[in-house]
file coords_32.txt (compact mmCIF, C-alpha atoms)
# COMPACT_ATOMS: atom_id res chain seq x y z
CA MET A 1205 7.68 112.38 138.87
CA VAL A 1206 5.29 109.65 137.69
CA TYR A 1207 5.71 107.83 141.01
CA VAL A 1208 5.05 111.01 143.02
CA LEU A 1209 1.86 111.75 141.09
CA ALA A 1210 0.64 108.15 141.40
CA ILE A 1211 1.31 108.14 145.16
CA ALA A 1212 -0.56 111.44 145.51
CA ALA A 1213 -3.47 109.86 143.64
CA ALA A 1214 -3.38 106.87 146.01
CA LEU A 1215 -3.54 109.18 149.06
CA SER A 1216 -6.44 111.10 147.54
CA ASN A 1217 -8.24 107.83 146.81
CA ALA A 1218 -7.84 106.74 150.44
CA LEU A 1219 -9.37 110.00 151.66
CA THR A 1220 -12.15 109.61 149.10
CA SER A 1221 -12.93 106.10 150.36
CA VAL A 1222 -13.18 107.21 153.97
CA PHE A 1223 -15.23 110.37 153.46
CA GLN A 1224 -17.60 108.89 150.89
CA ARG A 1225 -18.04 105.79 153.07
CA MET A 1226 -19.06 108.09 155.91
CA GLY A 1227 -21.45 109.86 153.56
CA VAL A 1228 -23.45 106.80 152.50
CA GLU A 1229 -23.20 104.45 155.49
CA SER A 1230 -26.38 105.84 157.08
CA ALA A 1231 -28.48 105.61 153.90
CA PRO A 1232 -31.49 103.23 153.98
CA GLU A 1233 -30.65 99.70 152.83
CA GLU A 1234 -33.32 99.80 150.12
CA SER A 1235 -31.54 102.71 148.40
CA THR A 1236 -28.92 100.36 146.90
CA MET A 1237 -28.76 100.71 143.08
CA ARG A 1238 -31.19 103.64 143.24
CA LEU A 1239 -30.62 107.32 142.58
CA SER A 1240 -31.88 107.99 146.10
CA LEU A 1241 -28.47 106.75 147.33
CA MET A 1242 -26.76 109.56 145.42
CA THR A 1243 -29.39 112.03 146.63
CA HIS A 1244 -28.61 111.01 150.20
CA ALA A 1245 -24.88 111.34 149.54
CA LEU A 1246 -25.13 114.78 147.96
CA ARG A 1247 -26.85 116.10 151.09
CA ARG A 1248 -23.91 115.02 153.22
CA GLY A 1249 -21.09 117.51 153.49
CA ILE A 1250 -18.60 114.76 154.31
CA TRP A 1251 -19.45 112.97 151.06
CA LEU A 1252 -18.86 116.19 149.11
CA LEU A 1253 -15.48 116.48 150.79
CA GLY A 1254 -14.75 112.98 149.54
CA PHE A 1255 -15.87 114.04 146.06
CA PHE A 1256 -13.32 116.89 146.20
CA PHE A 1257 -10.55 114.40 146.91
CA MET A 1258 -11.87 112.20 144.12
CA ILE A 1259 -11.32 115.09 141.72
CA CYS A 1260 -7.80 115.54 143.11
CA ALA A 1261 -7.13 111.83 142.59
CA PHE A 1262 -8.41 112.09 139.02
CA LEU A 1263 -6.08 114.99 138.23
CA PHE A 1264 -3.04 113.35 139.81
CA GLN A 1265 -3.79 110.12 137.98
CA ALA A 1266 -4.34 111.93 134.67
CA PHE A 1267 -0.95 113.66 134.87
CA ALA A 1268 0.74 110.41 135.92
CA LEU A 1269 -0.82 108.50 133.01
CA HIS A 1270 0.12 111.23 130.56
CA THR A 1271 3.81 110.74 131.31
CA GLY A 1272 3.81 107.14 132.57
CA ARG A 1273 2.54 103.71 131.59
CA LEU A 1274 -0.80 102.23 132.58
CA SER A 1275 0.86 99.07 133.90
CA VAL A 1276 3.03 101.18 136.23
CA VAL A 1277 0.66 103.88 137.47
CA GLN A 1278 -2.29 101.64 138.35
CA PRO A 1279 -0.37 99.12 140.52
CA ILE A 1280 1.08 102.02 142.53
CA LEU A 1281 -2.48 102.99 143.42
CA THR A 1282 -2.62 99.91 145.68
CA MET A 1283 -0.76 102.10 148.17
CA GLU A 1284 -4.21 103.49 148.87
CA LEU A 1285 -4.62 100.71 151.46
CA LEU A 1286 -1.47 101.79 153.28
CA PHE A 1287 -2.76 105.33 153.51
CA LEU A 1288 -6.16 104.00 154.56
CA VAL A 1289 -4.61 102.14 157.49
CA PHE A 1290 -2.68 105.24 158.53
CA ILE A 1291 -5.85 107.38 158.41
CA LEU A 1292 -7.92 104.86 160.37
CA GLY A 1293 -5.17 104.44 162.92
CA THR A 1294 -4.62 108.16 163.54
CA TYR A 1295 -7.71 110.11 162.54
CA PHE A 1296 -10.20 107.50 163.81
CA GLY A 1297 -8.14 106.11 166.66
CA TYR A 1298 -7.99 102.44 165.69
CA ARG A 1299 -5.05 100.47 167.08
CA ILE A 1300 -2.49 99.34 164.50
CA THR A 1301 -1.45 95.73 165.20
CA ALA A 1302 1.10 93.30 163.80
CA ARG A 1303 -1.47 92.21 161.21
CA GLU A 1304 -1.60 95.68 159.69
CA TRP A 1305 2.18 96.02 159.70
CA LEU A 1306 2.52 92.62 158.00
CA GLY A 1307 -0.08 93.46 155.34
CA ALA A 1308 1.42 96.89 154.67
CA SER A 1309 4.92 95.41 154.41
CA ALA A 1310 3.70 92.77 151.94
CA ILE A 1311 2.11 95.44 149.75
CA ALA A 1312 5.25 97.57 149.77
CA LEU A 1313 7.53 94.58 149.11
CA GLY A 1314 5.33 93.14 146.36
CA LEU A 1315 4.86 96.49 144.62
CA SER A 1316 8.58 97.25 144.72
CA GLY A 1317 9.42 93.78 143.46
CA PHE A 1318 6.98 94.08 140.56
CA LEU A 1319 8.20 97.53 139.46
CA VAL A 1320 11.84 96.42 139.56
CA SER A 1321 11.28 93.03 137.92
CA ALA A 1322 8.90 94.24 135.21
CA ASP A 1323 11.16 97.05 133.98
CA THR A 1324 8.24 98.14 131.81
CA GLY A 1325 8.75 99.53 128.34
CA GLY A 1326 6.70 100.46 125.29
CA GLY A 1327 3.29 101.92 126.04
CA ASN A 1328 3.29 104.33 123.11
CA ARG A 1329 1.16 102.39 120.63
CA VAL A 1330 -2.03 104.11 119.45
CA PRO A 1331 -5.04 101.78 119.87
CA THR A 1332 -7.37 101.26 116.90
CA ASN A 1333 -11.13 101.70 117.16
CA ILE A 1334 -11.58 97.93 116.81
CA GLU A 1335 -9.26 97.35 119.78
CA TRP A 1336 -11.15 99.95 121.79
CA SER A 1337 -14.44 98.23 120.91
CA VAL A 1338 -13.20 94.79 121.95
CA VAL A 1339 -11.66 95.94 125.25
CA GLY A 1340 -14.56 98.29 126.04
CA GLY A 1341 -17.11 95.61 125.24
CA GLY A 1342 -15.31 93.15 127.49
CA ALA A 1343 -15.30 95.70 130.31
CA VAL A 1344 -19.03 96.29 129.93
CA VAL A 1345 -19.74 92.54 130.03
CA ILE A 1346 -17.71 92.07 133.23
CA ILE A 1347 -19.36 95.09 134.87
CA ALA A 1348 -22.85 93.85 133.96
CA ALA A 1349 -22.11 90.32 135.19
CA ALA A 1350 -20.77 91.61 138.51
CA VAL A 1351 -23.82 93.84 139.05
CA VAL A 1352 -26.18 90.94 138.30
CA ALA A 1353 -24.25 88.81 140.80
CA THR A 1354 -25.15 91.29 143.58
CA ARG A 1355 -28.75 90.04 143.49
CA TRP A 1356 -27.75 87.02 145.57
CA GLY A 1357 -25.50 86.26 148.51
CA PRO A 1358 -24.56 87.89 151.83
CA ARG A 1359 -23.58 91.52 152.29
CA TRP A 1360 -19.85 90.92 151.88
CA TRP A 1361 -20.47 89.23 148.50
CA LYS A 1362 -22.61 92.12 147.27
CA ALA A 1363 -20.00 94.65 148.35
CA ALA A 1364 -17.26 92.63 146.62
CA MET A 1365 -19.23 92.35 143.37
CA PHE A 1366 -20.06 96.07 143.32
CA GLY A 1367 -16.39 96.73 144.07
CA THR A 1368 -15.34 94.49 141.17
CA ALA A 1369 -17.69 96.28 138.78
CA ALA A 1370 -16.43 99.68 139.95
CA ALA A 1371 -12.78 98.59 139.65
CA VAL A 1372 -13.26 97.45 136.04
CA ALA A 1373 -15.03 100.72 135.23
CA PHE A 1374 -12.17 102.72 136.76
CA ALA A 1375 -9.52 100.61 134.99
CA PHE A 1376 -11.12 101.25 131.61
CA THR A 1377 -11.56 104.91 132.53
CA ALA A 1378 -7.82 105.09 133.27
CA SER A 1379 -7.06 103.72 129.79
CA LEU A 1380 -9.27 106.45 128.31
CA ILE A 1381 -7.70 109.14 130.51
CA LYS A 1382 -4.27 108.31 129.10
CA VAL A 1383 -5.28 109.03 125.51
CA VAL A 1384 -7.47 112.02 126.46
CA GLY A 1385 -4.49 113.48 128.33
CA ASN A 1386 -2.45 113.26 125.15
CA TYR A 1387 -5.19 115.10 123.24
CA ALA A 1388 -5.41 117.77 125.93
CA ALA A 1389 -1.66 118.30 125.91
CA LYS A 1390 -1.82 119.18 122.20
CA ASP A 1391 -5.07 121.15 122.07
CA TRP A 1392 -7.80 121.42 124.71
CA VAL A 1393 -10.42 122.31 122.10
CA THR A 1394 -9.87 119.33 119.81
CA MET A 1395 -10.08 117.08 122.87
CA LEU A 1396 -13.86 117.56 122.73
CA ALA A 1397 -13.96 116.12 119.23
CA HIS A 1398 -12.83 112.65 120.38
CA TRP A 1399 -15.23 110.04 121.77
CA GLN A 1400 -12.74 108.99 124.45
CA THR A 1401 -13.41 112.26 126.29
CA TYR A 1402 -17.06 111.36 126.70
CA GLY A 1403 -16.10 107.79 127.51
CA VAL A 1404 -14.14 109.10 130.49
CA ILE A 1405 -17.25 110.89 131.73
CA LEU A 1406 -19.53 107.89 131.15
CA PHE A 1407 -17.35 105.20 132.69
CA GLY A 1408 -16.11 107.56 135.41
CA LEU A 1409 -19.66 108.29 136.54
CA ALA A 1410 -20.51 104.58 136.34
CA GLY A 1411 -17.50 103.79 138.53
CA LEU A 1412 -18.52 106.50 141.00
CA PHE A 1413 -22.09 105.17 141.24
CA LEU A 1414 -20.94 101.56 141.61
CA THR A 1415 -18.43 102.56 144.29
CA GLN A 1416 -21.14 104.18 146.39
CA ASN A 1417 -23.16 100.98 146.11
CA ALA A 1418 -20.10 98.95 147.12
CA PHE A 1419 -19.59 101.11 150.22
CA HIS A 1420 -23.28 100.91 151.07
CA ALA A 1421 -23.92 97.23 150.31
CA GLY A 1422 -21.57 95.68 152.84
CA PRO A 1423 -18.28 95.76 154.79
CA LEU A 1424 -15.50 98.07 153.72
CA ALA A 1425 -13.08 95.12 153.67
CA ALA A 1426 -14.94 93.40 150.84
CA SER A 1427 -15.42 96.50 148.69
CA GLN A 1428 -11.93 97.88 149.32
CA SER A 1429 -10.21 94.56 148.55
CA THR A 1430 -11.79 94.28 145.12
CA LEU A 1431 -11.46 97.99 144.33
CA VAL A 1432 -7.76 97.96 145.11
CA LEU A 1433 -6.87 94.57 143.58
CA VAL A 1434 -9.00 94.26 140.46
CA ASP A 1435 -8.18 97.73 139.14
CA PRO A 1436 -4.37 97.24 138.76
CA LEU A 1437 -4.78 93.70 137.44
CA ILE A 1438 -7.23 94.76 134.72
CA SER A 1439 -5.13 97.86 134.02
CA ILE A 1440 -2.01 95.78 133.38
CA ILE A 1441 -3.97 93.63 130.92
CA ILE A 1442 -5.42 96.70 129.20
CA GLY A 1443 -2.02 98.40 129.09
CA ILE A 1444 -0.49 95.41 127.32
CA THR A 1445 -3.47 94.95 124.99
CA LEU A 1446 -4.16 98.54 123.97
CA TYR A 1447 -0.96 100.50 124.46
CA GLY A 1448 1.64 97.80 123.94
CA ASP A 1449 3.13 97.95 127.43
CA SER A 1450 5.93 95.41 127.64
CA LEU A 1451 7.00 93.58 130.78
CA ARG A 1452 10.38 91.90 131.18
CA THR A 1453 9.52 88.20 131.27
CA ALA A 1454 12.72 86.50 130.06
CA GLY A 1455 14.58 84.20 132.41
CA PRO A 1456 13.70 84.59 136.09
CA TRP A 1457 11.97 87.96 135.65
CA GLY A 1458 8.57 86.55 134.68
CA PRO A 1459 8.23 84.34 137.78
CA LEU A 1460 9.58 87.16 139.96
CA GLU A 1461 6.87 89.51 138.62
CA ALA A 1462 4.18 86.91 139.28
CA ILE A 1463 5.44 86.25 142.80
CA SER A 1464 5.67 89.99 143.50
CA LEU A 1465 2.07 90.53 142.38
CA LEU A 1466 0.90 87.60 144.49
CA ILE A 1467 2.69 89.02 147.54
CA MET A 1468 1.20 92.46 146.88
CA PHE A 1469 -2.32 91.09 146.39
CA ALA A 1470 -2.04 88.78 149.42
CA GLY A 1471 -0.92 91.70 151.55
CA ALA A 1472 -3.80 93.82 150.28
CA VAL A 1473 -6.38 91.13 151.01
CA PHE A 1474 -4.82 90.45 154.43
CA LEU A 1475 -4.87 94.16 155.22
CA SER A 1476 -8.37 94.75 153.87
CA ASN A 1477 -9.78 92.05 156.14
CA SER A 1478 -8.04 93.26 159.28
CA PRO A 1479 -10.22 94.54 162.15
CA LEU A 1480 -8.66 97.95 161.63
CA VAL A 1481 -10.09 98.30 158.14
CA THR A 1482 -13.37 96.52 158.78
CA GLY A 1483 -14.60 97.44 162.25
CA MET A 1484 -18.10 96.40 161.27
CA LYS A 1485 -20.33 93.37 160.83
CA SER A 1486 -20.34 91.61 157.49
CA GLU A 1487 -23.21 89.16 157.42
CA GLY A 1488 -26.98 89.21 157.39
CA LYS A 1489 -29.59 91.20 155.54
CA GLY A 1490 -30.45 94.44 157.25
CA VAL A 1491 -27.53 94.23 159.65
CA GLU A 1492 -26.36 97.63 160.89
CA TYR A 1493 -22.65 98.30 161.11
CA GLU A 1494 -21.24 97.90 164.58
CA GLU A 1495 -18.96 100.89 164.28
CA MET A 1496 -19.77 103.40 161.57
CA LEU A 1497 -16.77 105.51 160.67
CA SER A 1498 -18.83 108.62 161.38
CA ARG A 1499 -19.18 107.46 165.00
CA ARG A 1500 -15.45 107.07 165.54
CA VAL A 1501 -14.40 110.62 164.77
CA THR A 1502 -11.70 111.79 167.16
CA HIS A 1503 -11.46 115.27 168.58
CA ALA A 1504 -8.55 116.35 170.75
CA GLY A 1505 -7.67 112.67 171.31
CA HIS A 1506 -11.15 111.63 172.51
CA HIS A 1507 -13.39 109.21 170.61
CA LEU A 1508 -16.90 110.47 169.88
CA GLU A 1509 -18.28 106.95 169.37
CA ASP A 1510 -21.78 107.83 170.56
CA ALA A 1511 -22.08 111.21 168.93
CA PRO A 1512 -23.60 111.29 165.44
CA LEU A 1513 -22.41 113.80 162.87
CA PRO A 1514 -24.29 117.10 162.69
CA ASP A 1515 -26.82 117.68 159.91
CA SER A 1516 -24.11 118.95 157.57
CA GLY A 1517 -22.56 115.48 157.63
CA LEU A 1518 -19.16 116.97 158.50
CA PRO A 1519 -17.06 116.09 161.55
CA PRO A 1520 -17.71 118.55 164.43
CA PHE A 1521 -14.14 119.91 164.24
CA SER A 1522 -14.21 120.52 160.50
CA SER A 1523 -14.29 124.04 159.14
CA VAL A 1524 -15.33 122.97 155.65

call {"tool": "encode", "arguments": {"input": "coords_32.txt", "output": "structure tokens"}}
result
Amino acid sequence: MVYVLAIAAALSNALTSVFQRMGVESAPEESTMRLSLMTHALRRGIWLLGFFFMICAFLFQAFALHTGRLSVVQPILTMELLFLVFILGTYFGYRITAREWLGASAIALGLSGFLVSADTGGGNRVPTNIEWSVVGGGAVVIIAAAVVATRWGPRWWKAAMFGTAAAVAFAFTASLIKVVGNYAAKDWVTMLAHWQTYGVILFGLAGLFLTQNAFHAGPLAASQSTLVLVDPLISIIIGITLYGDSLRTAGPWGPLEAISLLIMFAGAVFLSNSPLVTGMKSEGKGVEYEEMLSRRVTHAGHHLEDAPLPDSGLPPFSSV
């Protein structure tokens, strides 16, 4: 059941990425790291649709983390890229090539290899406030450093750094969701008496804001690569540090886990940088995207590449 919930969260995340990307891609470049970016997004119906799927992803993830381990649930979320390729290839009419099949196969093979080799255990330790402070402080430092790094470099670098910051925020949020889920399972009312509940809101909103900046700052390949790869890696570290997740490392299992993760990450990077996922320029200040997702909406098998979305920001065939 944990796997089913995690896969459902991955699908919801893929839909969130697409719809929210469509919602902010037309925002002025100067709106990066400003509230005006969120104001622009909130006026777009397609972005709100993405926000709905974000809530679905949160709920699926929360239930998965309540019954499963952080070091298992978060890596499964890398399947988001597989769903993203499927959506772009069907809904938006991109052609799926051997590159996409190779990247998707590497992700599936690496993820399966890691889950089998790791044979995770533990995960039931209750973190102390000191441990929360150390891990939370480290997360804040990484997030701040990544955001500062966006002040320099080309568009792909800025998107990658915003994506890194968002991924760390989401990874720490996931660690908080796990303990908040345990509180909620016992008593919804007492859940409000624990600081972790408000930490979920704070870091969740920070991750949401940073994600919008990642989508807006540069190519989807750069932001999606870091969002998908950094989150599970940081989550595995947090799971071991805070909750006592144990991975089988004796004998050949340790190297097999490392190789599996490398294959999974290599496949994700390979897939994220494919023309199917990118479909847009990546260099130069002020460069407009060659093919905005909102201009590739398909309707009855025909591409509406030259037709902008209506004022609602929703695809013309949508009834939402």

call {"tool": "closest_residue", "arguments": {"input": "coords_32.txt", "among": "A:Leu1286, A:Val1351, A:Met1468, A:Val1330", "to": "Phe1413 of chain A", "atoms": "only C-alpha atoms"}}
result
A:Val1351

call {"tool": "atom_distance", "arguments": {"input": "coords_32.txt", "atom1": "atom CA of Arg1273 of chain A", "atom2": "atom CA of Trp1457 of chain A"}}
result
18.8 Å

call {"tool": "residues_around", "arguments": {"input": "coords_32.txt", "residues": "Leu1215 of chain A", "least_positions_apart": "5", "cutoff": "10 Å", "atoms": "only C-alpha atoms", "output": "ChimeraX atom specification"}}
result
/A:1209-1210,1220-1221,1257,1260-1261,1281-1288,1291

call {"tool": "closest_residue", "arguments": {"input": "coords_32.txt", "among": "A:Val1320, A:Ile1250, A:Leu1431, A:Val1352", "to": "Val1372 of chain A", "atoms": "all atoms listed in the file"}}
result
A:Leu1431

call {"tool": "residues_around", "arguments": {"input": "coords_32.txt", "residues": "segment 1395-1399 of chain A", "least_positions_apart": "4", "cutoff": "12 Å", "atoms": "only C-alpha atoms", "output": "PDB file with C-alpha atoms, in the coordinates of the input"}}
result
ATOM      1  CA  ASN A1333     -11.130 101.700 117.160  1.00  0.00           C
ATOM      2  CA  TRP A1336     -11.150  99.950 121.790  1.00  0.00           C
ATOM      3  CA  SER A1337     -14.440  98.230 120.910  1.00  0.00           C
ATOM      4  CA  LEU A1380      -9.270 106.450 128.310  1.00  0.00           C
ATOM      5  CA  ILE A1381      -7.700 109.140 130.510  1.00  0.00           C
ATOM      6  CA  VAL A1383      -5.280 109.030 125.510  1.00  0.00           C
ATOM      7  CA  VAL A1384      -7.470 112.020 126.460  1.00  0.00           C
ATOM      8  CA  GLY A1385      -4.490 113.480 128.330  1.00  0.00           C
ATOM      9  CA  ASN A1386      -2.450 113.260 125.150  1.00  0.00           C
ATOM     10  CA  TYR A1387      -5.190 115.100 123.240  1.00  0.00           C
ATOM     11  CA  ALA A1388      -5.410 117.770 125.930  1.00  0.00           C
ATOM     12  CA  ALA A1389      -1.660 118.300 125.910  1.00  0.00           C
ATOM     13  CA  LYS A1390      -1.820 119.180 122.200  1.00  0.00           C
ATOM     14  CA  ASP A1391      -5.070 121.150 122.070  1.00  0.00           C
ATOM     15  CA  GLY A1403     -16.100 107.790 127.510  1.00  0.00           C
ATOM     16  CA  VAL A1404     -14.140 109.100 130.490  1.00  0.00           C
ATOM     17  CA  ILE A1405     -17.250 110.890 131.730  1.00  0.00           C
ATOM     18  CA  LEU A1406     -19.530 107.890 131.150  1.00  0.00           C
TER      19      LEU A1406
END

call {"tool": "atom_distance", "arguments": {"input": "coords_32.txt", "atom1": "atom CA of Arg1452 of chain A", "atom2": "atom CA of Asn1328 of chain A"}}
result
16.4 Å

call {"tool": "closest_residue", "arguments": {"input": "coords_32.txt", "among": "A:Phe1374, A:Phe1469, A:Phe1262, A:Tyr1402", "to": "Ser1216 of chain A", "atoms": "only C-alpha atoms"}}
result
A:Phe1262

call {"tool": "atom_distance", "arguments": {"input": "coords_32.txt", "atom1": "atom CA of Tyr1207 of chain A", "atom2": "atom CA of Thr1271 of chain A"}}
result
10.3 Å

call {"tool": "closest_residue", "arguments": {"input": "coords_32.txt", "among": "A:Arg1248, A:Arg1225, A:Lys1362, A:Lys1382", "to": "Ala1426 of chain A", "atoms": "all atoms listed in the file"}}
result
A:Lys1362

call {"tool": "residues_around", "arguments": {"input": "coords_32.txt", "residues": "Arg1355 of chain A", "least_positions_apart": "3", "cutoff": "12 Å", "atoms": "all atoms listed in the file", "output": "ChimeraX atom specification"}}
result
/A:1236-1237,1348-1352,1358-1359,1361-1363,1365-1366,1421

call {"tool": "closest_residue", "arguments": {"input": "coords_32.txt", "among": "A:Thr1394, A:Thr1430, A:Ser1321, A:Gln1224", "to": "Ser1464 of chain A", "atoms": "only C-alpha atoms"}}
result
A:Ser1321

call {"tool": "closest_residue", "arguments": {"input": "coords_32.txt", "among": "A:Pro1456, A:Gly1293, A:Gly1254, A:Gly1272", "to": "Val1206 of chain A", "atoms": "only C-alpha atoms"}}
result
A:Gly1272

call {"tool": "residues_around", "arguments": {"input": "coords_32.txt", "residues": "Leu1306 of chain A", "least_positions_apart": "5", "cutoff": "9 Å", "atoms": "all atoms listed in the file", "output": "PyMOL selection string"}}
result
chain A and resi 1301+1311+1471+1474-1475

call {"tool": "residues_around", "arguments": {"input": "coords_32.txt", "residues": "Pro1331 of chain A", "least_positions_apart": "5", "cutoff": "12 Å", "atoms": "only C-alpha atoms", "output": "list in words"}}
result
Trp1336, Ser1337, Val1338, Val1339, Gly1340, Ser1379, Leu1380, Lys1382, Val1383, Gln1400, Ile1442, Gly1443, Ile1444, Thr1445, Leu1446, Tyr1447, Gly1448 and Asp1449 of chain A
